[in-house]
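So this block is final-v6.txt, compact mmCIF, C-alpha atoms:
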# COMPACT_ATOMS: atom_id res chain seq x y z
CA MET A 1 -16.65 2.97 -14.27
CA GLU A 2 -15.51 3.23 -17.90
CA ARG A 3 -11.93 3.74 -16.91
CA VAL A 4 -11.85 0.62 -14.80
CA GLY A 5 -13.14 -1.40 -17.71
CA PHE A 6 -10.43 0.07 -19.85
CA ILE A 7 -7.67 -0.69 -17.44
CA VAL A 8 -8.19 -4.36 -17.04
CA GLN A 9 -8.61 -5.08 -20.75
CA ASP A 10 -7.02 -8.51 -20.53
CA LYS A 11 -3.79 -7.08 -19.20
CA MET A 12 -2.36 -8.42 -15.98
CA ILE A 13 -0.87 -5.48 -14.16
CA SER A 14 2.01 -6.75 -12.06
CA GLN A 15 1.96 -6.55 -8.27
CA ALA A 16 5.03 -4.34 -8.44
CA VAL A 17 3.24 -1.74 -10.57
CA ILE A 18 0.18 -1.85 -8.32
CA SER A 19 2.40 -1.35 -5.28
CA ARG A 20 3.81 1.81 -6.81
CA LEU A 21 0.46 3.41 -7.67
CA PRO A 22 -0.36 4.67 -4.14
CA ARG A 23 3.09 6.23 -3.99
CA TYR A 24 2.50 8.09 -7.27
CA PHE A 25 -0.83 9.20 -5.87
CA ARG A 26 0.82 10.52 -2.72
CA TYR A 27 3.44 12.52 -4.62
CA LEU A 28 0.86 13.93 -7.01
CA GLY A 29 -1.22 15.01 -4.02
CA GLU A 30 1.80 16.89 -2.70
CA LEU A 31 2.41 18.54 -6.08
CA LYS A 32 -1.23 19.60 -6.18
CA ASN A 33 -0.90 21.08 -2.69
CA GLU A 34 2.15 23.01 -3.83
CA GLY A 35 0.13 24.43 -6.71
CA ILE A 36 2.21 22.72 -9.39
CA GLU A 37 0.10 22.14 -12.50
CA ARG A 38 2.41 20.30 -14.84
CA ILE A 39 5.36 17.99 -14.29
CA SER A 40 7.70 16.07 -16.57
CA SER A 41 8.60 12.46 -15.90
CA GLN A 42 12.17 13.71 -15.27
CA GLU A 43 11.04 16.09 -12.54
CA LEU A 44 8.78 13.46 -10.99
CA SER A 45 11.68 11.02 -11.24
CA ALA A 46 13.96 13.34 -9.27
CA ARG A 47 11.37 13.79 -6.52
CA MET A 48 10.46 10.14 -6.21
CA GLN A 49 13.90 8.64 -6.69
CA VAL A 50 12.74 6.28 -9.40
CA THR A 51 13.86 6.48 -13.03
CA ALA A 52 11.85 8.49 -15.53
CA SER A 53 11.63 5.42 -17.75
CA GLN A 54 10.12 3.44 -14.86
CA ILE A 55 7.49 6.14 -14.45
CA ARG A 56 6.65 6.18 -18.16
CA GLN A 57 6.48 2.38 -18.24
CA ASP A 58 4.21 2.27 -15.21
CA PHE A 59 1.86 4.89 -16.63
CA ASN A 60 1.78 3.15 -20.00
CA HIS A 61 0.00 0.25 -18.35
CA PHE A 62 -2.92 2.60 -17.94
CA GLY A 63 -2.78 4.35 -21.27
CA GLY A 64 0.04 6.82 -20.70
CA PHE A 65 -1.66 9.93 -19.24
CA GLY A 66 0.52 12.39 -21.08
CA GLN A 67 2.06 13.63 -24.26
CA GLN A 68 5.70 13.01 -25.06
CA GLY A 69 7.80 16.05 -24.24
CA TYR A 70 4.94 17.99 -22.76
CA GLY A 71 4.78 16.52 -19.29
CA TYR A 72 1.83 15.43 -17.21
CA ASN A 73 -1.09 17.54 -16.08
CA VAL A 74 -0.92 17.07 -12.31
CA ASN A 75 -4.63 17.44 -11.58
CA TYR A 76 -5.61 15.10 -14.36
CA LEU A 77 -3.03 12.50 -13.41
CA TYR A 78 -4.01 12.73 -9.75
CA SER A 79 -7.67 12.12 -10.47
CA GLU A 80 -6.96 9.36 -12.99
CA ILE A 81 -4.81 7.48 -10.50
CA ALA A 82 -7.45 8.06 -7.82
CA ASN A 83 -9.98 6.38 -10.13
CA ILE A 84 -7.66 3.49 -10.86
CA LEU A 85 -7.15 3.03 -7.13
CA GLY A 86 -10.89 2.87 -6.65
CA LEU A 87 -10.93 6.11 -4.67
CA ASN A 88 -13.71 7.59 -6.77
CA GLU A 89 -16.23 5.75 -4.64
CA GLU A 90 -16.71 5.29 -0.93
CA HIS A 91 -15.89 1.98 0.68
CA ASN A 92 -17.76 0.63 3.67
CA LEU A 93 -15.48 -1.10 6.13
CA ILE A 94 -15.97 -3.26 9.15
CA ILE A 95 -13.20 -4.19 11.52
CA ILE A 96 -12.94 -7.40 13.49
CA GLY A 97 -10.87 -6.93 16.62
CA ALA A 98 -11.20 -3.85 18.81
CA GLY A 99 -7.86 -4.24 20.59
CA HIS A 100 -5.10 -1.66 20.50
CA LEU A 101 -4.39 -2.08 16.80
CA GLY A 102 -8.07 -2.07 15.86
CA GLN A 103 -8.59 1.12 17.83
CA ALA A 104 -5.60 2.72 16.16
CA LEU A 105 -6.94 1.85 12.71
CA VAL A 106 -10.44 3.17 13.44
CA ASN A 107 -8.93 6.36 14.82
CA TYR A 108 -6.73 6.95 11.79
CA MET A 109 -8.43 9.86 10.05
CA ASN A 110 -6.56 9.57 6.75
CA PHE A 111 -8.53 6.50 5.73
CA GLU A 112 -11.83 8.32 6.00
CA ARG A 113 -10.44 11.25 4.04
CA ARG A 114 -9.81 8.80 1.17
CA GLY A 115 -13.32 7.37 1.33
CA PHE A 116 -12.72 4.35 3.54
CA ILE A 117 -15.47 4.59 6.15
CA PHE A 118 -15.58 2.32 9.17
CA ARG A 119 -19.21 1.31 9.64
CA GLY A 120 -19.02 -1.45 12.24
CA ILE A 121 -16.60 -2.81 14.84
CA PHE A 122 -16.79 -6.37 16.13
CA ASP A 123 -15.02 -8.18 18.92
CA ASN A 124 -15.48 -11.45 20.78
CA ASN A 125 -14.80 -9.82 24.16
CA PRO A 126 -18.15 -9.13 25.89
CA ALA A 127 -16.50 -6.42 28.01
CA LEU A 128 -16.12 -4.30 24.86
CA TRP A 129 -19.66 -4.71 23.53
CA GLY A 130 -21.53 -1.44 23.66
CA THR A 131 -18.38 0.65 24.11
CA THR A 132 -17.63 3.01 21.24
CA ILE A 133 -14.59 4.04 19.22
CA ARG A 134 -15.03 7.34 17.42
CA GLY A 135 -18.74 6.99 18.01
CA ILE A 136 -18.95 3.51 16.48
CA GLU A 137 -20.30 0.79 18.73
CA VAL A 138 -18.39 -2.42 19.30
CA MET A 139 -20.71 -5.35 18.58
CA PRO A 140 -20.58 -9.12 19.15
CA MET A 141 -19.26 -11.33 16.39
CA ASP A 142 -22.62 -13.01 15.76
CA ARG A 143 -23.93 -9.75 14.40
CA ILE A 144 -21.39 -9.56 11.58
CA GLU A 145 -23.43 -11.47 9.03
CA GLN A 146 -26.54 -9.33 9.25
CA PHE A 147 -24.50 -6.13 9.44
CA VAL A 148 -22.52 -6.98 6.31
CA ARG A 149 -25.67 -7.76 4.37
CA GLU A 150 -27.49 -4.62 5.48
CA ASN A 151 -24.67 -2.09 5.09
CA ALA A 152 -23.12 -2.94 1.73
CA VAL A 153 -19.81 -3.64 3.42
CA ASP A 154 -17.09 -4.34 0.90
CA ILE A 155 -13.92 -4.42 2.99
CA ALA A 156 -13.30 -6.25 6.27
CA VAL A 157 -10.26 -5.45 8.37
CA LEU A 158 -8.91 -8.31 10.47
CA SER A 159 -7.02 -7.09 13.52
CA ILE A 160 -7.24 -10.19 15.66
CA PRO A 161 -4.65 -12.74 16.80
CA LYS A 162 -3.83 -15.41 14.26
CA ASP A 163 -5.60 -18.23 16.07
CA GLY A 164 -9.15 -17.22 15.20
CA ALA A 165 -8.31 -15.41 11.99
CA VAL A 166 -8.68 -18.22 9.46
CA SER A 167 -12.16 -19.23 10.58
CA VAL A 168 -13.32 -15.61 10.86
CA ALA A 169 -12.02 -14.95 7.35
CA ASN A 170 -13.91 -17.96 6.01
CA ASP A 171 -17.07 -16.68 7.68
CA LEU A 172 -16.57 -13.24 6.16
CA VAL A 173 -16.29 -14.74 2.69
CA ARG A 174 -19.49 -16.68 3.30
CA PHE A 175 -21.19 -13.43 4.28
CA GLY A 176 -20.19 -11.89 0.96
CA ILE A 177 -17.10 -9.85 1.86
CA LYS A 178 -14.99 -9.26 -1.26
CA ALA A 179 -11.81 -7.84 0.27
CA ILE A 180 -9.90 -8.45 3.48
CA TRP A 181 -7.21 -6.22 4.94
CA ASN A 182 -5.42 -8.77 7.05
CA PHE A 183 -3.32 -7.78 10.07
CA ALA A 184 -3.52 -11.26 11.62
CA HIS A 185 -0.16 -12.96 11.48
CA VAL A 186 -1.30 -15.83 9.32
CA ASP A 187 -1.80 -16.41 5.59
CA LEU A 188 -5.42 -16.70 4.51
CA LEU A 189 -6.24 -19.22 1.81
CA LEU A 190 -9.43 -17.87 0.31
CA PRO A 191 -11.23 -18.19 -3.02
CA LYS A 192 -9.40 -16.31 -5.76
CA GLU A 193 -12.19 -13.77 -6.19
CA VAL A 194 -11.65 -12.52 -2.63
CA LYS A 195 -8.90 -9.91 -2.50
CA VAL A 196 -6.49 -10.06 0.42
CA GLU A 197 -3.89 -7.49 1.37
CA ASN A 198 -1.65 -8.54 4.26
CA VAL A 199 0.06 -6.29 6.74
CA HIS A 200 2.34 -8.61 8.66
CA LEU A 201 3.97 -6.24 11.13
CA SER A 202 6.29 -8.85 12.65
CA ASP A 203 7.56 -9.77 9.19
CA SER A 204 8.24 -6.14 8.47
CA LEU A 205 10.19 -5.67 11.70
CA MET A 206 12.21 -8.83 10.97
CA LYS A 207 13.13 -7.46 7.55
CA LEU A 208 14.56 -4.44 9.30
CA SER A 209 16.55 -6.54 11.73
CA TYR A 210 17.80 -8.62 8.79
CA MET A 211 19.11 -5.44 7.19
CA LEU A 212 20.83 -4.52 10.44
CA ALA A 213 22.32 -7.98 10.91
CA SER A 214 23.57 -8.38 7.35
CA ASP A 215 25.28 -5.02 7.28
CA MET B 1 28.48 -13.35 14.06
CA GLU B 2 30.32 -15.79 11.78
CA ARG B 3 27.13 -16.68 9.98
CA VAL B 4 26.33 -13.09 9.17
CA GLY B 5 29.76 -12.63 7.68
CA PHE B 6 29.21 -15.74 5.63
CA ILE B 7 25.84 -14.69 4.36
CA VAL B 8 26.75 -11.38 2.92
CA GLN B 9 29.93 -12.57 1.22
CA ASP B 10 29.71 -10.04 -1.62
CA LYS B 11 26.31 -11.35 -2.64
CA MET B 12 23.43 -8.95 -2.91
CA ILE B 13 20.38 -10.76 -1.64
CA SER B 14 17.36 -9.38 -3.45
CA GLN B 15 14.58 -7.57 -1.60
CA ALA B 16 12.17 -10.25 -2.76
CA VAL B 17 14.18 -13.00 -1.07
CA ILE B 18 14.53 -10.94 2.10
CA SER B 19 10.78 -10.35 2.13
CA ARG B 20 10.17 -14.08 2.05
CA LEU B 21 12.51 -14.96 4.94
CA PRO B 22 10.14 -13.92 7.77
CA ARG B 23 7.44 -16.03 6.15
CA TYR B 24 9.69 -19.10 6.07
CA PHE B 25 10.53 -18.40 9.68
CA ARG B 26 6.84 -18.27 10.59
CA TYR B 27 6.03 -21.57 8.87
CA LEU B 28 9.05 -23.28 10.41
CA GLY B 29 7.93 -22.09 13.83
CA GLU B 30 4.55 -23.70 13.20
CA LEU B 31 6.18 -26.96 12.10
CA LYS B 32 8.30 -26.92 15.25
CA ASN B 33 5.18 -26.41 17.35
CA GLU B 34 3.56 -29.36 15.62
CA GLY B 35 6.57 -31.49 16.53
CA ILE B 36 7.63 -32.03 12.92
CA GLU B 37 11.38 -32.61 12.74
CA ARG B 38 12.08 -32.94 9.06
CA ILE B 39 10.39 -31.54 5.96
CA SER B 40 11.05 -31.78 2.24
CA SER B 41 10.95 -28.73 0.01
CA GLN B 42 7.89 -30.34 -1.65
CA GLU B 43 6.00 -30.55 1.64
CA LEU B 44 7.00 -27.04 2.61
CA SER B 45 5.96 -25.92 -0.86
CA ALA B 46 2.48 -27.38 -0.43
CA ARG B 47 2.03 -25.65 2.92
CA MET B 48 3.33 -22.28 1.83
CA GLN B 49 1.87 -22.20 -1.67
CA VAL B 50 5.19 -21.39 -3.28
CA THR B 51 7.04 -23.72 -5.62
CA ALA B 52 9.62 -26.14 -4.26
CA SER B 53 12.17 -24.75 -6.69
CA GLN B 54 11.56 -21.26 -5.31
CA ILE B 55 12.24 -22.55 -1.81
CA ARG B 56 15.45 -24.29 -2.87
CA GLN B 57 16.59 -21.19 -4.75
CA ASP B 58 15.88 -18.94 -1.79
CA PHE B 59 17.73 -21.19 0.63
CA ASN B 60 20.67 -21.51 -1.73
CA HIS B 61 21.38 -17.82 -1.20
CA PHE B 62 22.33 -18.78 2.34
CA GLY B 63 24.21 -21.97 1.64
CA GLY B 64 21.36 -24.40 1.13
CA PHE B 65 20.56 -25.72 4.64
CA GLY B 66 19.87 -29.27 3.54
CA GLN B 67 20.86 -32.34 1.62
CA GLN B 68 19.30 -33.20 -1.70
CA GLY B 69 16.56 -35.80 -1.28
CA TYR B 70 16.82 -35.84 2.46
CA GLY B 71 14.78 -32.80 3.39
CA TYR B 72 15.43 -30.05 5.88
CA ASN B 73 15.93 -30.43 9.61
CA VAL B 74 13.19 -28.13 10.94
CA ASN B 75 14.94 -27.09 14.16
CA TYR B 76 18.20 -26.39 12.39
CA LEU B 77 16.54 -24.45 9.60
CA TYR B 78 14.46 -22.47 12.08
CA SER B 79 17.46 -21.38 14.10
CA GLU B 80 19.54 -20.64 11.01
CA ILE B 81 16.87 -18.38 9.59
CA ALA B 82 16.46 -16.77 13.01
CA ASN B 83 20.17 -15.96 12.94
CA ILE B 84 19.98 -14.59 9.43
CA LEU B 85 17.07 -12.39 10.49
CA GLY B 86 19.14 -11.04 13.36
CA LEU B 87 16.87 -12.64 15.96
CA ASN B 88 19.78 -14.23 17.80
CA GLU B 89 20.32 -10.96 19.63
CA GLU B 90 18.05 -8.52 21.42
CA HIS B 91 17.23 -5.20 19.82
CA ASN B 92 16.61 -2.06 21.83
CA LEU B 93 13.82 0.04 20.37
CA ILE B 94 12.50 3.50 20.97
CA ILE B 95 9.27 4.76 19.55
CA ILE B 96 8.51 8.33 18.57
CA GLY B 97 4.79 9.05 18.73
CA ALA B 98 2.62 7.77 21.56
CA GLY B 99 -0.69 8.14 19.74
CA HIS B 100 -3.07 5.28 19.04
CA LEU B 101 -0.72 3.50 16.64
CA GLY B 102 2.30 3.97 18.89
CA GLN B 103 0.36 2.54 21.81
CA ALA B 104 -0.75 -0.42 19.73
CA LEU B 105 2.84 -1.16 18.69
CA VAL B 106 4.19 -0.93 22.24
CA ASN B 107 1.42 -3.21 23.42
CA TYR B 108 2.05 -5.84 20.77
CA MET B 109 3.64 -8.67 22.74
CA ASN B 110 4.91 -10.64 19.76
CA PHE B 111 7.70 -8.17 19.11
CA GLU B 112 9.14 -8.64 22.59
CA ARG B 113 8.91 -12.41 22.21
CA ARG B 114 11.23 -12.07 19.19
CA GLY B 115 13.72 -9.92 21.06
CA PHE B 116 12.51 -6.46 20.05
CA ILE B 117 12.32 -4.59 23.34
CA PHE B 118 10.78 -1.13 23.60
CA ARG B 119 13.04 0.89 25.92
CA GLY B 120 11.74 4.41 25.52
CA ILE B 121 8.68 6.26 24.23
CA PHE B 122 8.79 9.87 23.10
CA ASP B 123 6.11 12.33 22.12
CA ASN B 124 5.91 16.09 21.59
CA ASN B 125 2.59 16.34 23.46
CA PRO B 126 3.30 17.55 27.05
CA ALA B 127 0.01 16.02 28.21
CA LEU B 128 1.50 12.56 27.62
CA TRP B 129 4.83 13.13 29.37
CA GLY B 130 5.08 11.01 32.49
CA THR B 131 2.20 8.74 31.50
CA THR B 132 3.19 5.14 30.90
CA ILE B 133 2.44 2.46 28.31
CA ARG B 134 3.16 -1.07 29.54
CA GLY B 135 5.20 0.50 32.32
CA ILE B 136 7.34 2.58 29.95
CA GLU B 137 7.29 6.32 30.55
CA VAL B 138 6.48 8.73 27.73
CA MET B 139 9.25 11.33 27.56
CA PRO B 140 9.72 14.66 25.76
CA MET B 141 11.46 14.68 22.41
CA ASP B 142 14.49 16.59 23.68
CA ARG B 143 15.48 13.56 25.72
CA ILE B 144 15.85 11.28 22.71
CA GLU B 145 19.51 12.05 22.04
CA GLN B 146 20.76 11.22 25.52
CA PHE B 147 18.49 8.19 25.78
CA VAL B 148 19.71 6.73 22.50
CA ARG B 149 23.34 7.17 23.49
CA GLU B 150 22.88 5.67 26.96
CA ASN B 151 20.69 2.70 26.04
CA ALA B 152 22.36 1.23 22.97
CA VAL B 153 19.20 1.81 20.96
CA ASP B 154 19.48 0.38 17.47
CA ILE B 155 15.96 0.70 16.10
CA ALA B 156 13.66 3.73 16.18
CA VAL B 157 9.99 3.39 15.34
CA LEU B 158 8.35 6.45 13.81
CA SER B 159 4.62 6.56 14.46
CA ILE B 160 4.01 10.25 13.96
CA PRO B 161 2.20 12.24 11.27
CA LYS B 162 4.21 12.87 8.14
CA ASP B 163 4.77 16.57 8.78
CA GLY B 164 7.40 16.21 11.48
CA ALA B 165 8.72 12.85 10.37
CA VAL B 166 11.51 13.91 8.04
CA SER B 167 13.17 16.23 10.53
CA VAL B 168 12.78 13.74 13.39
CA ALA B 169 14.33 11.02 11.20
CA ASN B 170 17.28 13.28 10.39
CA ASP B 171 17.77 13.93 14.11
CA LEU B 172 17.65 10.20 14.85
CA VAL B 173 20.37 9.55 12.30
CA ARG B 174 22.49 12.27 13.88
CA PHE B 175 22.01 10.58 17.26
CA GLY B 176 23.39 7.34 15.83
CA ILE B 177 20.22 5.36 15.06
CA LYS B 178 20.99 2.71 12.44
CA ALA B 179 17.46 1.51 11.56
CA ILE B 180 14.09 3.20 11.30
CA TRP B 181 10.74 1.42 11.17
CA ASN B 182 8.73 4.13 9.50
CA PHE B 183 4.94 4.35 9.85
CA ALA B 184 4.86 8.04 8.88
CA HIS B 185 3.25 8.49 5.49
CA VAL B 186 6.30 9.99 3.85
CA ASP B 187 9.46 8.65 2.23
CA LEU B 188 12.63 9.25 4.22
CA LEU B 189 15.77 10.12 2.30
CA LEU B 190 18.54 9.07 4.63
CA PRO B 191 22.18 8.08 4.27
CA LYS B 192 22.53 4.63 2.68
CA GLU B 193 23.93 3.06 5.85
CA VAL B 194 20.70 3.76 7.70
CA LYS B 195 18.17 1.00 7.14
CA VAL B 196 14.55 2.01 6.61
CA GLU B 197 11.53 -0.26 6.49
CA ASN B 198 8.30 1.51 5.62
CA VAL B 199 4.81 0.52 6.68
CA HIS B 200 2.57 2.81 4.66
CA LEU B 201 -0.87 1.76 5.84
CA SER B 202 -2.77 4.06 3.49
CA ASP B 203 -0.83 2.68 0.52
CA SER B 204 -1.69 -0.83 1.59
CA LEU B 205 -5.39 -0.03 1.87
CA MET B 206 -5.33 1.63 -1.55
CA LYS B 207 -3.79 -1.49 -3.06
CA LEU B 208 -6.76 -3.42 -1.72
CA SER B 209 -9.25 -0.95 -3.16
CA TYR B 210 -7.36 -1.13 -6.48
CA MET B 211 -7.86 -4.87 -6.50
CA LEU B 212 -11.55 -4.39 -5.80
CA ALA B 213 -11.95 -1.72 -8.47
CA SER B 214 -10.06 -3.57 -11.18
CA ASP B 215 -11.94 -6.79 -10.68
Reformat the file's structure so that it appears as structure tokens.
Amino acid sequence: MERVGFIVQDKMISQAVISRLPRYFRYLGELKNEGIERISSQELSARMQVTASQIRQDFNHFGGFGQQGYGYNVNYLYSEIANILGLNEEHNLIIIGAGHLGQALVNYMNFERRGFIFRGIFDNNPALWGTTIRGIEVMPMDRIEQFVRENAVDIAVLSIPKDGAVSVANDLVRFGIKAIWNFAHVDLLLPKEVKVENVHLSDSLMKLSYMLASD
Amino acid sequence: MERVGFIVQDKMISQAVISRLPRYFRYLGELKNEGIERISSQELSARMQVTASQIRQDFNHFGGFGQQGYGYNVNYLYSEIANILGLNEEHNLIIIGAGHLGQALVNYMNFERRGFIFRGIFDNNPALWGTTIRGIEVMPMDRIEQFVRENAVDIAVLSIPKDGAVSVANDLVRFGIKAIWNFAHVDLLLPKEVKVENVHLSDSLMKLSYMLASD
């Protein structure tokens, strides 16, 4: 955990930089797979279609990772960014909402490969209780609290309609959840120490139709 | 289409502003539902947790929408933003990839309510051909071209693994698709006139774990 301590040393890393980190991680993973051991910021720039100076600036937030003129060691950079992204440890997830989207998320193998493990699935529909998705049982909502406390759950995924989402999110915070991945189409106003990442699919689709309309 | 012509009058609207439009639209829809007819930028600011000056600045990109000191007419603002977002006309969608995520997207009723209508579903798995999702038949990939040309399809949704995504996207562009909603975990390098909106779920989850790790 040393690195993490180092990173946050009183510096606020901007949302924009944070948003770019997973993309760096993805490209470095591809370079690794191709057997490439060293890459300059210019080469990485050409692949990723961002400027080399942007790359150097972004990396400087975390100490730089490389020597001027010598390029970056791909394996080292990959594992450093993995650490920064918190991928050096497993995360225990629960998901609230076992509808189509919830099922799709639980079935998405890439998350598990990165250490995000779905431990429990909850839904308020009694017809789903006792059914399983990838071997994980769907449980009633009133079992969330105990489950969270007993399974060191750190991330809750909300894939429910917006109507119940705010009150469920408040419950989750009360149960000790520290991070919510929110697919409900509503903004959650939670204590600052609770991290929220929204995926508003309708908003995303509207952005696309804006781009079409304004063309 | 007058409005659209007006909006883009040589002004580049920043991505940040565009990203906020669907959120304004969502809050205005809620105000409408609550029967609220007029709202000041201060009141809207308090609801949305953005500054009033941000709201005024954003709206000024599109001509302002209101009179100083008098507030915004909710219905008018709602329908203006709907127009800007291209929601005044229906969009014909196809989706490539009928796996769990594809099924979830086709089953998501909110899109249709906003005028995004799934017309065709395509998959390269023969076992799925002829099956239906919400009454829409899953078809083989080699029928995409004809279908796109015959059904005035303007948006293609890519919910396939990253390996095939780049070549499928290139095909789609060749077939005349003007916008791609990309869920494949890869960046698409397409001609500038083709609009791409990415939903990289793994990236989003990693951002959340970053926030947890850096806390």
Nearby residues (all atoms listed in the file) at most 12 Å from region 43-56 of chain A, same-chain spacing under 2 positions excluded, as a ChimeraX atom specification: /A:16-17,20-21,23-28,30-31,36,38-41,58-69,71-74 /B:186-189
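For the pair CA of Ile160 (chain A) and CA of Ala184 (chain B), the separation is 22.9 Å.
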Taking 2 positions as the minimum chain separation for residues in the same chain, which residues sit within 7 Å of region 83-96 of chain B when counting all atoms listed in the file? Answer as a list of chain:residue names. A:Met206, A:Lys207, A:Ser209, A:Tyr210, A:Ala213, B:Val4, B:Ser79, B:Glu80, B:Ile81, B:Ala98, B:Arg114, B:Gly115, B:Phe116, B:Ile117, B:Phe118, B:Arg119, B:Gly120, B:Ile121, B:Phe122, B:Asp123, B:Ala152, B:Val153, B:Asp154, B:Ile155, B:Ala156, B:Val157, B:Leu158, B:Ser159, B:Ile160
Residues of chain A at most 8 Å from chain B: nearest atom pair and distance in Å, all atoms listed in the file, as CSV:
residue,atom,partner,partner_atom,distance
A:Val4,CA,B:Ser214,CA,5.8
A:Gly5,CA,B:Ser214,CA,7.5
A:Ile7,CA,B:Ser214,CA,7.3
A:Val8,CA,B:Ser214,CA,6.2
A:Ile18,CA,B:Lys207,CA,6.6
A:Ser19,CA,B:Lys207,CA,6.6
A:Leu21,CA,B:Lys207,CA,8.0
A:Pro22,CA,B:Asp203,CA,5.1
A:Arg23,CA,B:Asp203,CA,7.0
A:Ile84,CA,B:Tyr210,CA,6.4
A:Leu85,CA,B:Tyr210,CA,4.2
A:Gly86,CA,B:Ala213,CA,5.1
A:Leu87,CA,B:Ser209,CA,7.4
A:His100,CA,B:Ala104,CA,4.6
A:Leu101,CA,B:Ala104,CA,5.0
A:Gln103,CA,B:His100,CA,7.0
A:Ala104,CA,B:His100,CA,4.6
A:Leu105,CA,B:Leu101,CA,7.5
A:Asn107,CA,B:His100,CA,7.3
A:Asn110,CA,B:Ser202,CA,7.4
A:Phe111,CA,B:Ser202,CA,6.6
A:Lys178,CA,B:Leu212,CA,7.5
A:Ala179,CA,B:Leu212,CA,7.0
A:Ile180,CA,B:Leu208,CA,7.9
A:Trp181,CA,B:Leu205,CA,7.1
A:Lys195,CA,B:Met211,CA,6.5
A:Val196,CA,B:Leu208,CA,7.0
A:Glu197,CA,B:Leu208,CA,5.9
A:Val199,CA,B:Ser204,CA,7.7
A:Ser202,CA,B:Phe111,CA,6.6
A:Asp203,CA,B:Pro22,CA,5.1
A:Ser204,CA,B:Glu197,CA,7.0
A:Leu205,CA,B:Trp181,CA,7.1
A:Met206,CA,B:Leu85,CA,6.0
A:Lys207,CA,B:Ser19,CA,6.6
A:Leu208,CA,B:Glu197,CA,5.9
A:Ser209,CA,B:Gly86,CA,5.4
A:Tyr210,CA,B:Leu85,CA,4.2
A:Met211,CA,B:Lys195,CA,6.5
A:Leu212,CA,B:Lys195,CA,7.0
A:Ala213,CA,B:Gly86,CA,5.0
A:Ser214,CA,B:Val4,CA,5.8
A:Asp215,CA,B:Val8,CA,7.8
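In this model, the gap between CA of Ile177 (chain A) and CA of Asp163 (chain A) comes to 20.1 Å.
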For Asn170 (chain B), please output as a compact mmCIF listing (two decimals) with C-alpha atoms, keeping the file's coordinate frame all residues within 8 Å (counting all atoms listed in the file; exclusion window: fewer than 4 positions along the same chain).
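Just written: part.txt:
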# COMPACT_ATOMS: atom_id res chain seq x y z
CA VAL B 166 11.51 13.91 8.04
CA ARG B 174 22.49 12.27 13.88
CA LEU B 190 18.54 9.07 4.63
Looking at only C-alpha atoms, which of B:Val173, B:Ser14, B:Glu37, B:Met141 is the one that sits closest to Gln57 (chain B)?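 Of all the options, B:Ser14 lies closest to Gln57 (chain B).
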Nearest to Ile133 (chain B) among B:Glu145, B:Arg113, B:Gly97, B:Met12, with distances taken over all atoms listed in the file: which residue is it? B:Gly97
Around the point (-20.1, -8.8, 18.1) (coordinates from the file), which residues reach within 7 Å if we count all atoms listed in the file? Answer as a ChimeraX atom specification. /A:122-124,129,138-144
Next, write the just-selected residues to a file, as a short mmCIF file (atom, residue, chain, number, x, y, z; two decimals), keeping the file's coordinate frame, keeping C-alpha atoms as the atom set.
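The result, written out as part.cif:
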data_model
loop_
_atom_site.label_atom_id
_atom_site.label_comp_id
_atom_site.auth_asym_id
_atom_site.auth_seq_id
_atom_site.Cartn_x
_atom_site.Cartn_y
_atom_site.Cartn_z
CA PHE A 122 -16.79 -6.37 16.13
CA ASP A 123 -15.02 -8.18 18.92
CA ASN A 124 -15.48 -11.45 20.78
CA TRP A 129 -19.66 -4.71 23.53
CA VAL A 138 -18.39 -2.42 19.30
CA MET A 139 -20.71 -5.35 18.58
CA PRO A 140 -20.58 -9.12 19.15
CA MET A 141 -19.26 -11.33 16.39
CA ASP A 142 -22.62 -13.01 15.76
CA ARG A 143 -23.93 -9.75 14.40
CA ILE A 144 -21.39 -9.56 11.58
#
Would you fill the gaps in region 94-101 of chain A so it has N, CA and C atoms, then print it as a PDB file, keeping the file's coordinate frame?
ATOM      1  N   ILE A  94     -15.806  -2.831   7.770  1.00  0.00           N
ATOM      2  CA  ILE A  94     -15.970  -3.260   9.150  1.00  0.00           C
ATOM      3  C   ILE A  94     -14.604  -3.709   9.646  1.00  0.00           C
ATOM      4  N   ILE A  95     -14.452  -3.717  10.950  1.00  0.00           N
ATOM      5  CA  ILE A  95     -13.200  -4.190  11.520  1.00  0.00           C
ATOM      6  C   ILE A  95     -13.509  -5.243  12.581  1.00  0.00           C
ATOM      7  N   ILE A  96     -12.770  -6.334  12.513  1.00  0.00           N
ATOM      8  CA  ILE A  96     -12.940  -7.400  13.490  1.00  0.00           C
ATOM      9  C   ILE A  96     -11.727  -7.346  14.406  1.00  0.00           C
ATOM     10  N   GLY A  97     -11.977  -7.068  15.667  1.00  0.00           N
ATOM     11  CA  GLY A  97     -10.870  -6.930  16.620  1.00  0.00           C
ATOM     12  C   GLY A  97     -10.733  -5.501  17.067  1.00  0.00           C
ATOM     13  N   ALA A  98     -11.208  -5.229  18.302  1.00  0.00           N
ATOM     14  CA  ALA A  98     -11.200  -3.850  18.810  1.00  0.00           C
ATOM     15  C   ALA A  98     -10.087  -3.661  19.844  1.00  0.00           C
ATOM     16  N   GLY A  99      -9.016  -4.413  19.711  1.00  0.00           N
ATOM     17  CA  GLY A  99      -7.860  -4.240  20.590  1.00  0.00           C
ATOM     18  C   GLY A  99      -7.104  -2.965  20.235  1.00  0.00           C
ATOM     19  N   HIS A 100      -5.875  -2.879  20.702  1.00  0.00           N
ATOM     20  CA  HIS A 100      -5.100  -1.660  20.500  1.00  0.00           C
ATOM     21  C   HIS A 100      -4.953  -1.317  19.020  1.00  0.00           C
ATOM     22  N   LEU A 101      -4.598  -2.339  18.219  1.00  0.00           N
ATOM     23  CA  LEU A 101      -4.390  -2.080  16.800  1.00  0.00           C
ATOM     24  C   LEU A 101      -5.702  -1.676  16.118  1.00  0.00           C
TER      25      LEU A 101
END
